[in-house]
Amino acid sequence: IQTFDGDQVNTANSMTFVTILPDGNTDSIFAINSQSSALITTQLLDRERYPDGFQLTLQVSDYGATPLTSTQNVLISLIDINDNPPTFRSAFYLETVSENLAASLLVLQLDATDNDTGVNAEFYFYIVSGNDAQYFSLNSVTGELLTTDTTIDRETFD
């Protein structure tokens with residue numbers, strides 16, 4: 001943070017210090033480095049925890065006998081990073097199907113969410129195991145689990 005005071009140089013009236021007023025400094029996440037006047041963070045920033053960002057009010061004061069002050073608003077927006085995995089909305093899915101079903105019948109609709117935003121919230125569904133006989137197909141975008149033209153025969157599972 002750079003400040004300027006028009007009083008006579010190298011006097012108490014021209015020397016300044018910067019502080020952050022409490023309003024808007026949620027959880028005291030920001031601080032001013034007393035040596036450099038740099039605005040610094042005191043902890044990690046997480047867009048999901050602070051989706052509206054921050055509106056800080058900085059105050060600069062001089063060291064005069066009667067200190068003079070000025071304030072400036074600073075808006076800080078947080079840009080999302082891909083820091084949250086997608087999660088299924090249900091912990092467990094159970095579905096029963098009959099044998100000899102036609103192809104492309106909906107068996108199950110998977111549902112998931114991701115707390116990130118934009119492209120960081122995009123995800124795809126995949127079958128990773130248990131479908132070696134290709135009885136099912138999974139739409140990677142919609143989460144629809146469908147039957148295929150491979151016939152499901154209960155007797156083959158005995």
# chains A, B, ... in the order shown; residues from 1 in each chain; ligands from 1

call {"tool": "residues_around", "arguments": {"residues": "segment 58-73 of chain A", "least_positions_apart": "3", "cutoff": "8 Å", "atoms": "only C-alpha atoms", "output": "list of chain:residue names"}}
result
A:Thr3, A:Asp5, A:Ala12, A:Asn13, A:Ser14, A:Met15, A:Thr16, A:Phe17, A:Val18, A:Thr19, A:Ile20, A:Leu21, A:Gln55

call {"tool": "atom_distance", "arguments": {"atom1": "atom CA of Asp111 of chain A", "atom2": "atom CA of Asp52 of chain A"}}
result
26.9 Å

call {"tool": "closest_residue", "arguments": {"among": "A:Val141, A:Val9, A:Leu78, A:Leu106", "to": "Glu122 of chain A", "atoms": "only C-alpha atoms"}}
result
A:Val141

call {"tool": "closest_residue", "arguments": {"among": "A:Ala121, A:Pro22, A:Ala133, A:Asp7", "to": "Thr87 of chain A", "atoms": "only C-alpha atoms"}}
result
A:Ala121

call {"tool": "select_by_dssp", "arguments": {"residues": "chain A", "states": "helix (DSSP H, G or I)", "output": "MDAnalysis selection string"}}
result
chainID A and resid 26:28 118:121 154:157

call {"tool": "closest_residue", "arguments": {"among": "A:Gly24, A:Ala38, A:Asn139, A:Glu99", "to": "Tyr126 of chain A", "atoms": "only C-alpha atoms"}}
result
A:Asn139

call {"tool": "residues_around", "arguments": {"residues": "Thr148 of chain A", "least_positions_apart": "6", "cutoff": "8 Å", "atoms": "only C-alpha atoms", "output": "PyMOL selection string"}}
result
chain A and resi 102-105+134-137

call {"tool": "write_last_selection", "arguments": {"atoms": "N, CA and C atoms", "output": "PDB file, in the first residue's frame"}}
result
ATOM      1  N   ALA A 102     -34.500 -54.922 -22.876  1.00  0.00           N
ATOM      2  CA  ALA A 102     -34.120 -54.282 -24.134  1.00  0.00           C
ATOM      3  C   ALA A 102     -32.951 -53.330 -23.885  1.00  0.00           C
ATOM      4  N   ALA A 103     -32.266 -52.992 -24.947  1.00  0.00           N
ATOM      5  CA  ALA A 103     -31.143 -52.062 -24.846  1.00  0.00           C
ATOM      6  C   ALA A 103     -31.647 -50.639 -24.594  1.00  0.00           C
ATOM      7  N   SER A 104     -30.801 -49.824 -24.006  1.00  0.00           N
ATOM      8  CA  SER A 104     -31.027 -48.393 -23.785  1.00  0.00           C
ATOM      9  C   SER A 104     -32.146 -48.067 -22.807  1.00  0.00           C
ATOM     10  N   LEU A 105     -32.451 -48.988 -21.899  1.00  0.00           N
ATOM     11  CA  LEU A 105     -33.430 -48.694 -20.853  1.00  0.00           C
ATOM     12  C   LEU A 105     -32.697 -48.057 -19.662  1.00  0.00           C
ATOM     13  N   GLN A 134     -20.073 -55.760 -20.117  1.00  0.00           N
ATOM     14  CA  GLN A 134     -20.679 -54.630 -20.839  1.00  0.00           C
ATOM     15  C   GLN A 134     -22.209 -54.681 -20.838  1.00  0.00           C
ATOM     16  N   TYR A 135     -22.792 -55.046 -19.699  1.00  0.00           N
ATOM     17  CA  TYR A 135     -24.248 -55.049 -19.559  1.00  0.00           C
ATOM     18  C   TYR A 135     -24.807 -53.622 -19.514  1.00  0.00           C
ATOM     19  N   PHE A 136     -23.988 -52.701 -19.082  1.00  0.00           N
ATOM     20  CA  PHE A 136     -24.456 -51.331 -18.873  1.00  0.00           C
ATOM     21  C   PHE A 136     -23.554 -50.327 -19.579  1.00  0.00           C
ATOM     22  N   SER A 137     -24.166 -49.213 -19.928  1.00  0.00           N
ATOM     23  CA  SER A 137     -23.401 -48.064 -20.421  1.00  0.00           C
ATOM     24  C   SER A 137     -23.766 -46.881 -19.531  1.00  0.00           C
TER      25      SER A 137
END

call {"tool": "closest_residue", "arguments": {"among": "A:Val74, A:Asn25, A:Gly130, A:Asp83", "to": "Thr117 of chain A", "atoms": "only C-alpha atoms"}}
result
A:Asp83

call {"tool": "select_by_dssp", "arguments": {"residues": "chain A", "states": "strand (DSSP E or B)", "output": "PyMOL selection string"}}
result
chain A and resi 16-20+30-32+39-41+54-62+69-76+87-88+106-109+112-113+136-138+144-147

call {"tool": "residues_around", "arguments": {"residues": "segment 142-144 of chain A", "least_positions_apart": "5", "cutoff": "8 Å", "atoms": "only C-alpha atoms", "output": "list in words"}}
result
Leu106, Val107, Leu108, Gln109, Leu110, Asp111, Tyr124 and Phe125 of chain A

call {"tool": "atom_distance", "arguments": {"atom1": "atom CA of Val128 of chain A", "atom2": "atom CA of Asp80 of chain A"}}
result
28.4 Å

call {"tool": "closest_residue", "arguments": {"among": "A:Thr41, A:Asn82, A:Ser140, A:Ser77", "to": "Val119 of chain A", "atoms": "only C-alpha atoms"}}
result
A:Asn82

call {"tool": "residues_around", "arguments": {"residues": "Arg154 of chain A", "least_positions_apart": "2", "cutoff": "10 Å", "atoms": "only C-alpha atoms", "output": "PDB file with N, CA, C and O atoms, in the first residue's frame"}}
result
ATOM      1  N   VAL A  97     -32.706 -55.083 -11.647  1.00  0.00           N
ATOM      2  CA  VAL A  97     -33.128 -55.142 -13.052  1.00  0.00           C
ATOM      3  C   VAL A  97     -33.576 -56.556 -13.391  1.00  0.00           C
ATOM      4  O   VAL A  97     -33.101 -57.524 -12.816  1.00  0.00           O
ATOM      5  N   SER A  98     -34.482 -56.641 -14.312  1.00  0.00           N
ATOM      6  CA  SER A  98     -34.944 -57.944 -14.803  1.00  0.00           C
ATOM      7  C   SER A  98     -34.007 -58.433 -15.893  1.00  0.00           C
ATOM      8  O   SER A  98     -33.336 -57.642 -16.552  1.00  0.00           O
ATOM      9  N   GLU A  99     -33.978 -59.728 -16.091  1.00  0.00           N
ATOM     10  CA  GLU A  99     -33.154 -60.264 -17.174  1.00  0.00           C
ATOM     11  C   GLU A  99     -33.846 -60.046 -18.514  1.00  0.00           C
ATOM     12  O   GLU A  99     -35.040 -59.742 -18.572  1.00  0.00           O
ATOM     13  N   ASN A 100     -33.075 -60.168 -19.575  1.00  0.00           N
ATOM     14  CA  ASN A 100     -33.559 -60.052 -20.959  1.00  0.00           C
ATOM     15  C   ASN A 100     -34.195 -58.693 -21.259  1.00  0.00           C
ATOM     16  O   ASN A 100     -35.171 -58.606 -22.003  1.00  0.00           O
ATOM     17  N   THR A 151     -27.323 -59.129 -23.481  1.00  0.00           N
ATOM     18  CA  THR A 151     -28.439 -59.694 -22.718  1.00  0.00           C
ATOM     19  C   THR A 151     -27.988 -60.064 -21.304  1.00  0.00           C
ATOM     20  O   THR A 151     -26.969 -60.720 -21.119  1.00  0.00           O
ATOM     21  N   ILE A 152     -28.799 -59.652 -20.357  1.00  0.00           N
ATOM     22  CA  ILE A 152     -28.556 -60.008 -18.951  1.00  0.00           C
ATOM     23  C   ILE A 152     -29.333 -61.299 -18.689  1.00  0.00           C
ATOM     24  O   ILE A 152     -30.568 -61.329 -18.794  1.00  0.00           O
ATOM     25  N   THR A 156     -26.608 -67.005 -15.677  1.00  0.00           N
ATOM     26  CA  THR A 156     -25.140 -66.903 -15.817  1.00  0.00           C
ATOM     27  C   THR A 156     -24.483 -66.407 -14.533  1.00  0.00           C
ATOM     28  O   THR A 156     -23.276 -66.488 -14.396  1.00  0.00           O
ATOM     29  N   PHE A 157     -25.280 -65.916 -13.594  1.00  0.00           N
ATOM     30  CA  PHE A 157     -24.721 -65.415 -12.339  1.00  0.00           C
ATOM     31  C   PHE A 157     -24.770 -66.459 -11.228  1.00  0.00           C
ATOM     32  O   PHE A 157     -24.319 -66.200 -10.123  1.00  0.00           O
ATOM     33  N   ASP A 158     -25.314 -67.649 -11.500  1.00  0.00           N
ATOM     34  CA  ASP A 158     -25.385 -68.713 -10.474  1.00  0.00           C
ATOM     35  C   ASP A 158     -24.048 -69.381 -10.291  1.00  0.00           C
ATOM     36  O   ASP A 158     -23.194 -69.456 -11.079  1.00  0.00           O
TER      37      ASP A 158
END

call {"tool": "closest_residue", "arguments": {"among": "A:Thr150, A:Asn10, A:Asn131, A:Ser28", "to": "Leu45 of chain A", "atoms": "only C-alpha atoms"}}
result
A:Ser28

call {"tool": "atom_distance", "arguments": {"atom1": "atom CA of Asp116 of chain A", "atom2": "atom CA of Phe30 of chain A"}}
result
23.0 Å

call {"tool": "residues_around", "arguments": {"residues": "Ala112 of chain A", "least_positions_apart": "6", "cutoff": "7 Å", "atoms": "only C-alpha atoms", "output": "list in words"}}
result
Pro86, Thr87, Phe88 and Arg89 of chain A

call {"tool": "residues_around", "arguments": {"residues": "Thr26 of chain A", "least_positions_apart": "5", "cutoff": "10 Å", "atoms": "only C-alpha atoms", "output": "PyMOL selection string"}}
result
chain A and resi 50+53-56

call {"tool": "write_last_selection", "arguments": {"atoms": "C-alpha atoms", "output": "compact mmCIF listing (two decimals), in the first residue's frame"}}
result
# COMPACT_ATOMS: atom_id res chain seq x y z
CA TYR A 50 -15.97 -16.57 1.08
CA GLY A 53 -15.00 -11.89 -1.47
CA PHE A 54 -14.07 -9.04 0.81
CA GLN A 55 -14.66 -5.32 1.08
CA LEU A 56 -11.92 -3.87 3.24
